[in-house]
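Peer 1: Structure provided below as structure tokens; questions to follow.
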Amino acid sequence: MGLKLMIHMKNVTKVYENGAVALNNINVDIRKGEFVFLVGSSGAGKSTFIKMLFREVLPTSGILTVNGRDVIRMANKEVPYLRRSLGVIFQDYRLLPEKTVYENISFAMQVIEAPRRLMQRSVNSVLDIVGLRDKYKCFPHQLSGGEQQRVAIARAIVNNPSIVIADEPTGNLDPETSWGIMDIFQRINAAGTTIVMATHDKTIVDAMQRRVIAIEDGQIVRDEAQGGYGYES
Amino acid sequence: MKVRTIEYYIREVFISLRRNNWMSVASIGTVAVSLFIFGMFLMMVMNMNKLAENMESQVQINVYLLDKVDREQARDIEKDLKEIEGVESVGFVTKDEAMERFKDRLGDQKTLLDALDETNPLPDSFEVTVTNPDLVKTAAEKMEKLDGVECAKYGQDVMEHLFEITRLLRIFGFTLMLVLAFATLFIISNTIRLTVFARRKEIAIMKYVGATDWFIRWPFVMEGMVLGLFGSIIAAMVLRTAYTAMAEKVYDTLAFFPLIPEQPFLTYITIVVVISGMVVGAIGSAVSIKKFLKV
Ligand SMILES: Nc1ncnc2c1ncn2[C@@H]1O[C@H](COP(=O)(O)OP(=O)(O)OP(=O)(O)O)[C@@H](O)[C@H]1O
Ligand SMILES: [Mg+2]
């Protein structure tokens, strides 16, 4: 494949301060436009993998480049610019309760000092993508879990990231709602955005038939271009 | 910085001032009290310096004569005085003239002299000006040795006292200021800590979407500066009123005391107090957000 290398990990190891080896000698290349599932049992190291990508967690050794940037050697003051090229989504949505849907999304543009004239257009367009145009005035507590997660997705993509990173985005949602979320991810991915998603959801992984990276005890045990979840649940 | 970023900061600052209203009031009060005391010392020390300077520039020696000295002898003494090294001019002041001057200086309080019953305890004297302040001391010593001279006084003892008082004021004021500065820093940083704590979720999201540390930090630093600003404005207003009132009292009762005129002195004090307030506020908040901002 000649597509641009978005994520490159070579011999990446993460040992936490308390001595826990979360990832051990990981080698992965992810290219532009890929849709990657990260699977593995609890404690396998999925979240650690995800957190390294936006430098919440710093690898102990190895080489990690994200979007062409050397994550390990970059100066602290470059981290914000790395993160602007990424959209991060969590299981618990992390919306600001006292801000409306519109404000939660525009907040992400405001704090990186994006041009004001772009704001309304960008927010409306991501609200269309996640199908919440008519709820822009609502506060998070007035929304269902699935709707809140869609707001979080809208916030993650409003600055046009080249990679969307999601840690169990459907972990708190029922199957039907989860499919709504996956539908949005597929559309974002179809538009060229690379997606890396950690999940426990066997049904989704099996049905989507995308690249699957399985991690166990901090090591990659399987990496299939079009795979299934691979475990009996 | 972009205009909308500044708008954003200002809104954030006022939201949290309102949210922490009691802590904000306490911080503003602490800043006000600390800066008031700081300003008082500053004013006192500056006035003392001015006084000392004034006295230093007066290279005049008053030579008081013994009561028994008559006019004839006085003229001889005048001749002797003129021969002393460094003496520029010698003027005779009779005891009556001295009394008149004294009454003038007392102003409103001259009724105090009624107790004297028209007697005049002041001696005749010479006012000797000296060309060079360095010669004052030796010249005065020589004058005291002359026959018929009771004593020769110049600013020396007063100045020594003055320097001592100024020095003590400085040391005491400086120590007190250090203590107050720490107290102020402590309370401001605690107030800002409350704000930071209340917004830790926002801060986390800001970091995930790629806000720079300075973008995150500014509203808190500004909040600290606003607390400092409000406190210092209160302190400055009280100081100005107090100084004006005191100046009036001094002019009424101690007319000869060379108080620094209110303008531009009070403007200067206000600027110093306001800048100190804002600097302390900024430092206080910088201290408290430091550990919340680890990337
Ligand atoms: N901050 C930390 N300090 C120390 N050890 C940690 C820390 N975070 C994770 N670990 C350890 O690292 C290992 C991998 O954790 P990680 O959170 O990456 O697993 P996971 O695959 O995301 O699990 P789950 O599916 O339950 O979310 C675990 O053994 C965990 O205890
Ligand atoms: Mg996890």
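A note on labels: chains of the structure tokens are A, B, ... as shown, every chain counts residues from 1, and ligands are counted from 1 in their shown order.
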Could you list the protein, DNA and RNA residues that have any atom within 9 Å of ligand 2, counting only C-alpha atoms and all ligand atoms, and write them as a PDB file with all heavy atoms, in the first residue's frame?

Peer 2:
```pdb
ATOM      1  N   SER A  42      -9.769  -7.563  29.209  1.00  0.00           N
ATOM      2  CA  SER A  42      -9.540  -6.450  30.125  1.00  0.00           C
ATOM      3  C   SER A  42      -8.109  -6.481  30.654  1.00  0.00           C
ATOM      4  O   SER A  42      -7.594  -7.544  31.009  1.00  0.00           O
ATOM      5  CB  SER A  42     -10.548  -6.559  31.277  1.00  0.00           C
ATOM      6  OG  SER A  42     -10.464  -5.399  32.046  1.00  0.00           O
ATOM      7  N   GLY A  43      -7.462  -5.332  30.646  1.00  0.00           N
ATOM      8  CA  GLY A  43      -6.091  -5.262  31.145  1.00  0.00           C
ATOM      9  C   GLY A  43      -5.057  -5.629  30.098  1.00  0.00           C
ATOM     10  O   GLY A  43      -3.859  -5.667  30.374  1.00  0.00           O
ATOM     11  N   ALA A  44      -5.488  -5.886  28.857  1.00  0.00           N
ATOM     12  CA  ALA A  44      -4.559  -6.319  27.813  1.00  0.00           C
ATOM     13  C   ALA A  44      -3.613  -5.193  27.397  1.00  0.00           C
ATOM     14  O   ALA A  44      -2.483  -5.445  26.963  1.00  0.00           O
ATOM     15  CB  ALA A  44      -5.347  -6.819  26.598  1.00  0.00           C
ATOM     16  N   GLY A  45      -4.085  -3.958  27.478  1.00  0.00           N
ATOM     17  CA  GLY A  45      -3.223  -2.837  27.098  1.00  0.00           C
ATOM     18  C   GLY A  45      -3.826  -1.944  26.016  1.00  0.00           C
ATOM     19  O   GLY A  45      -3.141  -1.067  25.471  1.00  0.00           O
ATOM     20  N   LYS A  46      -5.123  -2.127  25.728  1.00  0.00           N
ATOM     21  CA  LYS A  46      -5.773  -1.350  24.664  1.00  0.00           C
ATOM     22  C   LYS A  46      -5.771   0.145  24.980  1.00  0.00           C
ATOM     23  O   LYS A  46      -5.397   0.973  24.135  1.00  0.00           O
ATOM     24  CB  LYS A  46      -7.236  -1.816  24.458  1.00  0.00           C
ATOM     25  CG  LYS A  46      -7.388  -3.282  24.134  1.00  0.00           C
ATOM     26  CD  LYS A  46      -8.833  -3.662  23.914  1.00  0.00           C
ATOM     27  CE  LYS A  46      -9.711  -3.524  25.158  1.00  0.00           C
ATOM     28  NZ  LYS A  46      -9.308  -4.424  26.267  1.00  0.00           N
ATOM     29  N   SER A  47      -6.209   0.489  26.195  1.00  0.00           N
ATOM     30  CA  SER A  47      -6.278   1.912  26.550  1.00  0.00           C
ATOM     31  C   SER A  47      -4.897   2.539  26.549  1.00  0.00           C
ATOM     32  O   SER A  47      -4.716   3.686  26.152  1.00  0.00           O
ATOM     33  CB  SER A  47      -6.937   2.098  27.907  1.00  0.00           C
ATOM     34  OG  SER A  47      -8.284   1.686  27.822  1.00  0.00           O
ATOM     35  N   THR A  48      -3.909   1.775  26.987  1.00  0.00           N
ATOM     36  CA  THR A  48      -2.545   2.284  26.991  1.00  0.00           C
ATOM     37  C   THR A  48      -2.113   2.597  25.565  1.00  0.00           C
ATOM     38  O   THR A  48      -1.535   3.654  25.284  1.00  0.00           O
ATOM     39  CB  THR A  48      -1.603   1.237  27.623  1.00  0.00           C
ATOM     40  OG1 THR A  48      -2.083   0.940  28.936  1.00  0.00           O
ATOM     41  CG2 THR A  48      -0.184   1.752  27.708  1.00  0.00           C
ATOM     42  N   ILE A  50      -4.048   3.346  23.022  1.00  0.00           N
ATOM     43  CA  ILE A  50      -4.792   4.538  22.591  1.00  0.00           C
ATOM     44  C   ILE A  50      -4.175   5.812  23.181  1.00  0.00           C
ATOM     45  O   ILE A  50      -3.968   6.796  22.486  1.00  0.00           O
ATOM     46  CB  ILE A  50      -6.267   4.413  23.056  1.00  0.00           C
ATOM     47  CG1 ILE A  50      -6.960   3.247  22.349  1.00  0.00           C
ATOM     48  CG2 ILE A  50      -7.016   5.722  22.920  1.00  0.00           C
ATOM     49  CD1 ILE A  50      -7.608   3.593  21.051  1.00  0.00           C
ATOM     50  N   ASP A 167     -11.820   5.116  22.491  1.00  0.00           N
ATOM     51  CA  ASP A 167     -11.622   4.046  23.475  1.00  0.00           C
ATOM     52  C   ASP A 167     -12.984   3.568  23.971  1.00  0.00           C
ATOM     53  O   ASP A 167     -13.635   4.251  24.756  1.00  0.00           O
ATOM     54  CB  ASP A 167     -10.758   4.555  24.640  1.00  0.00           C
ATOM     55  CG  ASP A 167     -10.225   3.406  25.496  1.00  0.00           C
ATOM     56  OD1 ASP A 167     -10.627   2.245  25.248  1.00  0.00           O
ATOM     57  OD2 ASP A 167      -9.424   3.675  26.401  1.00  0.00           O
ATOM     58  N   GLU A 168     -13.393   2.417  23.483  1.00  0.00           N
ATOM     59  CA  GLU A 168     -14.703   1.833  23.822  1.00  0.00           C
ATOM     60  C   GLU A 168     -15.846   2.836  23.699  1.00  0.00           C
ATOM     61  O   GLU A 168     -16.577   3.064  24.666  1.00  0.00           O
ATOM     62  CB  GLU A 168     -14.657   1.235  25.233  1.00  0.00           C
ATOM     63  CG  GLU A 168     -13.570   0.174  25.329  1.00  0.00           C
ATOM     64  CD  GLU A 168     -13.685  -0.659  26.588  1.00  0.00           C
ATOM     65  OE1 GLU A 168     -14.821  -0.986  26.976  1.00  0.00           O
ATOM     66  OE2 GLU A 168     -12.633  -0.981  27.168  1.00  0.00           O
ATOM     67  N   ALA A 198     -10.755   1.022  20.168  1.00  0.00           N
ATOM     68  CA  ALA A 198     -10.646  -0.105  21.091  1.00  0.00           C
ATOM     69  C   ALA A 198     -12.059  -0.522  21.479  1.00  0.00           C
ATOM     70  O   ALA A 198     -12.902   0.335  21.737  1.00  0.00           O
ATOM     71  CB  ALA A 198      -9.860   0.317  22.332  1.00  0.00           C
ATOM     72  N   THR A 199     -12.311  -1.837  21.473  1.00  0.00           N
ATOM     73  CA  THR A 199     -13.682  -2.266  21.797  1.00  0.00           C
ATOM     74  C   THR A 199     -13.728  -3.680  22.352  1.00  0.00           C
ATOM     75  O   THR A 199     -12.816  -4.478  22.153  1.00  0.00           O
ATOM     76  CB  THR A 199     -14.587  -2.173  20.552  1.00  0.00           C
ATOM     77  OG1 THR A 199     -15.923  -2.462  20.921  1.00  0.00           O
ATOM     78  CG2 THR A 199     -14.153  -3.121  19.462  1.00  0.00           C
TER      79      THR A 199
END
```

Peer 1: Sort by chain and increasing residue number a table of all residues of chain A within 9 Å of chain B, each with its closest pair of atoms and their distance in Å to one decimal, counting only C-alpha atoms, and write it as a Markdown table.

Peer 2:
```
| residue | atom | partner | partner_atom | distance |
| --- | --- | --- | --- | --- |
| A:Phe54 | CA | B:Tyr208 | CA | 7.9 |
| A:Arg55 | CA | B:Val295 | CA | 8.3 |
| A:Glu56 | CA | B:Val295 | CA | 7.3 |
| A:Asn76 | CA | B:Val295 | CA | 7.0 |
| A:Lys77 | CA | B:Thr212 | CA | 7.3 |
| A:Glu78 | CA | B:Thr212 | CA | 8.7 |
| A:Val79 | CA | B:Gly210 | CA | 7.4 |
| A:Pro80 | CA | B:Gly210 | CA | 4.0 |
| A:Tyr81 | CA | B:Gly210 | CA | 6.1 |
| A:Leu82 | CA | B:Gly210 | CA | 7.4 |
| A:Arg83 | CA | B:Gly210 | CA | 4.8 |
| A:Arg84 | CA | B:Gly210 | CA | 4.9 |
| A:Ser85 | CA | B:Gly210 | CA | 8.5 |
| A:Leu86 | CA | B:Val209 | CA | 7.8 |
| A:Gly87 | CA | B:Val209 | CA | 7.1 |
| A:Val88 | CA | B:Tyr208 | CA | 7.0 |
| A:Arg94 | CA | B:Ile205 | CA | 7.6 |
| A:Leu95 | CA | B:Ile205 | CA | 8.3 |
| A:Leu96 | CA | B:Glu202 | CA | 6.9 |
| A:Phe107 | CA | B:Met206 | CA | 8.3 |
| A:Ala108 | CA | B:Val209 | CA | 6.0 |
| A:Met109 | CA | B:Val209 | CA | 8.4 |
| A:Gln110 | CA | B:Thr5 | CA | 7.6 |
| A:Val111 | CA | B:Ala211 | CA | 5.3 |
| A:Ile112 | CA | B:Ala211 | CA | 5.0 |
| A:Glu113 | CA | B:Thr5 | CA | 6.8 |
| A:Arg116 | CA | B:Arg4 | CA | 7.8 |
| A:Arg155 | CA | B:Val209 | CA | 8.7 |
| A:Ala156 | CA | B:Val209 | CA | 7.5 |
| A:Asn159 | CA | B:Val209 | CA | 8.6 |
```

Peer 1: Could you pull the residues within 12 Å of Ile171 of chain B, counting only C-alpha atoms, minus those fewer than 6 positions along the same chain, as a list in words?

Peer 2: Phe41, Leu42, Val45, Glu164, Ile165, Met177 and Leu178 of chain B

Peer 1: Within segment 24-238 of chain B, find each residue whose DSSP state, derived from the backbone, is strand (DSSP E), and express the selection as a list in words.

Peer 2: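 DSSP-assigned strand (DSSP E) residues in segment 24-238 of chain B: Gln60, Ile61, Asn62, Val63, Tyr64, Leu65, Val87, Glu88, Ser89, Val90, Gly91, Phe92, Val93, Ser125, Phe126, Glu127, Val128, Thr129, Val130, Val149, Glu150, Cys151, Ala152 and Lys153 of chain B.
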
Peer 1: Limited to N, CA and C atoms, could you put the picked residues into a file as a PDB file, in the first residue's frame?

Peer 2:
```pdb
ATOM      1  N   GLN B  60      23.466  75.004  57.709  1.00  0.00           N
ATOM      2  CA  GLN B  60      23.397  76.179  58.575  1.00  0.00           C
ATOM      3  C   GLN B  60      23.679  75.783  60.010  1.00  0.00           C
ATOM      4  N   ILE B  61      24.444  76.614  60.697  1.00  0.00           N
ATOM      5  CA  ILE B  61      24.725  76.355  62.103  1.00  0.00           C
ATOM      6  C   ILE B  61      24.115  77.497  62.918  1.00  0.00           C
ATOM      7  N   ASN B  62      23.399  77.148  63.952  1.00  0.00           N
ATOM      8  CA  ASN B  62      22.890  78.178  64.859  1.00  0.00           C
ATOM      9  C   ASN B  62      23.812  78.249  66.071  1.00  0.00           C
ATOM     10  N   VAL B  63      24.353  79.434  66.260  1.00  0.00           N
ATOM     11  CA  VAL B  63      25.287  79.609  67.386  1.00  0.00           C
ATOM     12  C   VAL B  63      24.555  80.409  68.458  1.00  0.00           C
ATOM     13  N   TYR B  64      24.281  79.777  69.581  1.00  0.00           N
ATOM     14  CA  TYR B  64      23.530  80.436  70.660  1.00  0.00           C
ATOM     15  C   TYR B  64      24.502  81.056  71.654  1.00  0.00           C
ATOM     16  N   LEU B  65      24.201  82.286  72.040  1.00  0.00           N
ATOM     17  CA  LEU B  65      25.102  83.006  72.953  1.00  0.00           C
ATOM     18  C   LEU B  65      24.623  82.902  74.384  1.00  0.00           C
ATOM     19  N   VAL B  87      33.182  79.237  56.622  1.00  0.00           N
ATOM     20  CA  VAL B  87      32.040  80.090  56.934  1.00  0.00           C
ATOM     21  C   VAL B  87      31.786  81.072  55.804  1.00  0.00           C
ATOM     22  N   GLU B  88      30.527  81.142  55.373  1.00  0.00           N
ATOM     23  CA  GLU B  88      30.192  81.975  54.236  1.00  0.00           C
ATOM     24  C   GLU B  88      29.616  83.303  54.703  1.00  0.00           C
ATOM     25  N   SER B  89      28.579  83.205  55.583  1.00  0.00           N
ATOM     26  CA  SER B  89      27.979  84.445  56.068  1.00  0.00           C
ATOM     27  C   SER B  89      27.518  84.254  57.498  1.00  0.00           C
ATOM     28  N   VAL B  90      27.419  85.348  58.176  1.00  0.00           N
ATOM     29  CA  VAL B  90      27.014  85.297  59.581  1.00  0.00           C
ATOM     30  C   VAL B  90      25.910  86.336  59.772  1.00  0.00           C
ATOM     31  N   GLY B  91      24.787  85.930  60.322  1.00  0.00           N
ATOM     32  CA  GLY B  91      23.708  86.894  60.555  1.00  0.00           C
ATOM     33  C   GLY B  91      23.325  86.871  62.019  1.00  0.00           C
ATOM     34  N   PHE B  92      23.097  88.058  62.585  1.00  0.00           N
ATOM     35  CA  PHE B  92      22.749  88.135  64.007  1.00  0.00           C
ATOM     36  C   PHE B  92      21.236  88.063  64.161  1.00  0.00           C
ATOM     37  N   VAL B  93      20.786  87.263  65.107  1.00  0.00           N
ATOM     38  CA  VAL B  93      19.363  87.155  65.403  1.00  0.00           C
ATOM     39  C   VAL B  93      19.158  87.500  66.866  1.00  0.00           C
ATOM     40  N   SER B 125      21.407  84.886  69.035  1.00  0.00           N
ATOM     41  CA  SER B 125      22.158  83.855  68.317  1.00  0.00           C
ATOM     42  C   SER B 125      22.671  84.377  66.989  1.00  0.00           C
ATOM     43  N   PHE B 126      23.588  83.594  66.418  1.00  0.00           N
ATOM     44  CA  PHE B 126      24.051  83.852  65.054  1.00  0.00           C
ATOM     45  C   PHE B 126      23.571  82.720  64.162  1.00  0.00           C
ATOM     46  N   GLU B 127      23.206  83.096  62.951  1.00  0.00           N
ATOM     47  CA  GLU B 127      22.940  82.074  61.945  1.00  0.00           C
ATOM     48  C   GLU B 127      24.113  82.075  60.990  1.00  0.00           C
ATOM     49  N   VAL B 128      24.839  80.967  61.012  1.00  0.00           N
ATOM     50  CA  VAL B 128      26.045  80.906  60.196  1.00  0.00           C
ATOM     51  C   VAL B 128      25.794  79.939  59.038  1.00  0.00           C
ATOM     52  N   THR B 129      26.010  80.380  57.813  1.00  0.00           N
ATOM     53  CA  THR B 129      25.934  79.426  56.701  1.00  0.00           C
ATOM     54  C   THR B 129      27.339  79.027  56.331  1.00  0.00           C
ATOM     55  N   VAL B 130      27.448  77.765  55.915  1.00  0.00           N
ATOM     56  CA  VAL B 130      28.748  77.186  55.632  1.00  0.00           C
ATOM     57  C   VAL B 130      28.772  76.828  54.153  1.00  0.00           C
ATOM     58  N   VAL B 149      29.973  81.725  73.793  1.00  0.00           N
ATOM     59  CA  VAL B 149      29.068  80.865  73.016  1.00  0.00           C
ATOM     60  C   VAL B 149      28.566  79.743  73.907  1.00  0.00           C
ATOM     61  N   GLU B 150      27.268  79.629  73.976  1.00  0.00           N
ATOM     62  CA  GLU B 150      26.688  78.545  74.778  1.00  0.00           C
ATOM     63  C   GLU B 150      26.792  77.223  74.027  1.00  0.00           C
ATOM     64  N   CYS B 151      26.315  77.216  72.805  1.00  0.00           N
ATOM     65  CA  CYS B 151      26.430  76.006  71.991  1.00  0.00           C
ATOM     66  C   CYS B 151      26.187  76.336  70.517  1.00  0.00           C
ATOM     67  N   ALA B 152      26.661  75.407  69.657  1.00  0.00           N
ATOM     68  CA  ALA B 152      26.451  75.569  68.217  1.00  0.00           C
ATOM     69  C   ALA B 152      25.708  74.343  67.703  1.00  0.00           C
ATOM     70  N   LYS B 153      24.503  74.591  67.191  1.00  0.00           N
ATOM     71  CA  LYS B 153      23.665  73.439  66.788  1.00  0.00           C
ATOM     72  C   LYS B 153      23.505  73.413  65.280  1.00  0.00           C
TER      73      LYS B 153
END
```

Peer 1: Pick out the residues sitting within 8 Å of Lys95 of chain B, and hand them over as a list of chain:residue names; count only C-alpha atoms, and ignore anything fewer than 4 positions along from it in its own chain.

Peer 2: B:Met99, B:Asn120, B:Leu122, B:Pro123, B:Asp124, B:Ser125

Peer 1: What residues in segment 73-269 of chain B get the DSSP label alpha helix (DSSP H)? Please answer as a VMD selection string.

Peer 2: chain B and resid 73 to 83 95 to 106 136 to 145 156 to 198 200 to 208 213 to 253 262 to 269

Peer 1: Closest to ligand 1 among A:Glu216, A:Ala166, A:Ile63, A:Leu118, using only C-alpha atoms and all ligand atoms?

Peer 2: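 When distances to ligand 1 are compared using only C-alpha atoms and all ligand atoms, the smallest one comes from A:Glu216.
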
Peer 1: I'd like to know which of A:Met52, A:Met119, A:Leu3, A:Ile26 is closest to ligand 1, using only C-alpha atoms and all ligand atoms.

Peer 2: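 Of all the options, A:Met52 lies closest to ligand 1.
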
Peer 1: Which of these, A:Leu58, A:Gln142, A:Gly171, A:Asn124, has the shortest distance to Pro97 of chain A once you count only C-alpha atoms?

Peer 2: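 Nearest candidate to Pro97 of chain A out of A:Leu58, A:Gln142, A:Gly171, A:Asn124: A:Gln142.
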
Peer 1: Skipping near chain neighbours, those fewer than 6 positions away, what residues fall within 12 Å of Glu176 of chain A using only C-alpha atoms, listed as a VMD selection string?

Peer 2: chain A and resid 145 to 146 170 182 to 183 203 to 204
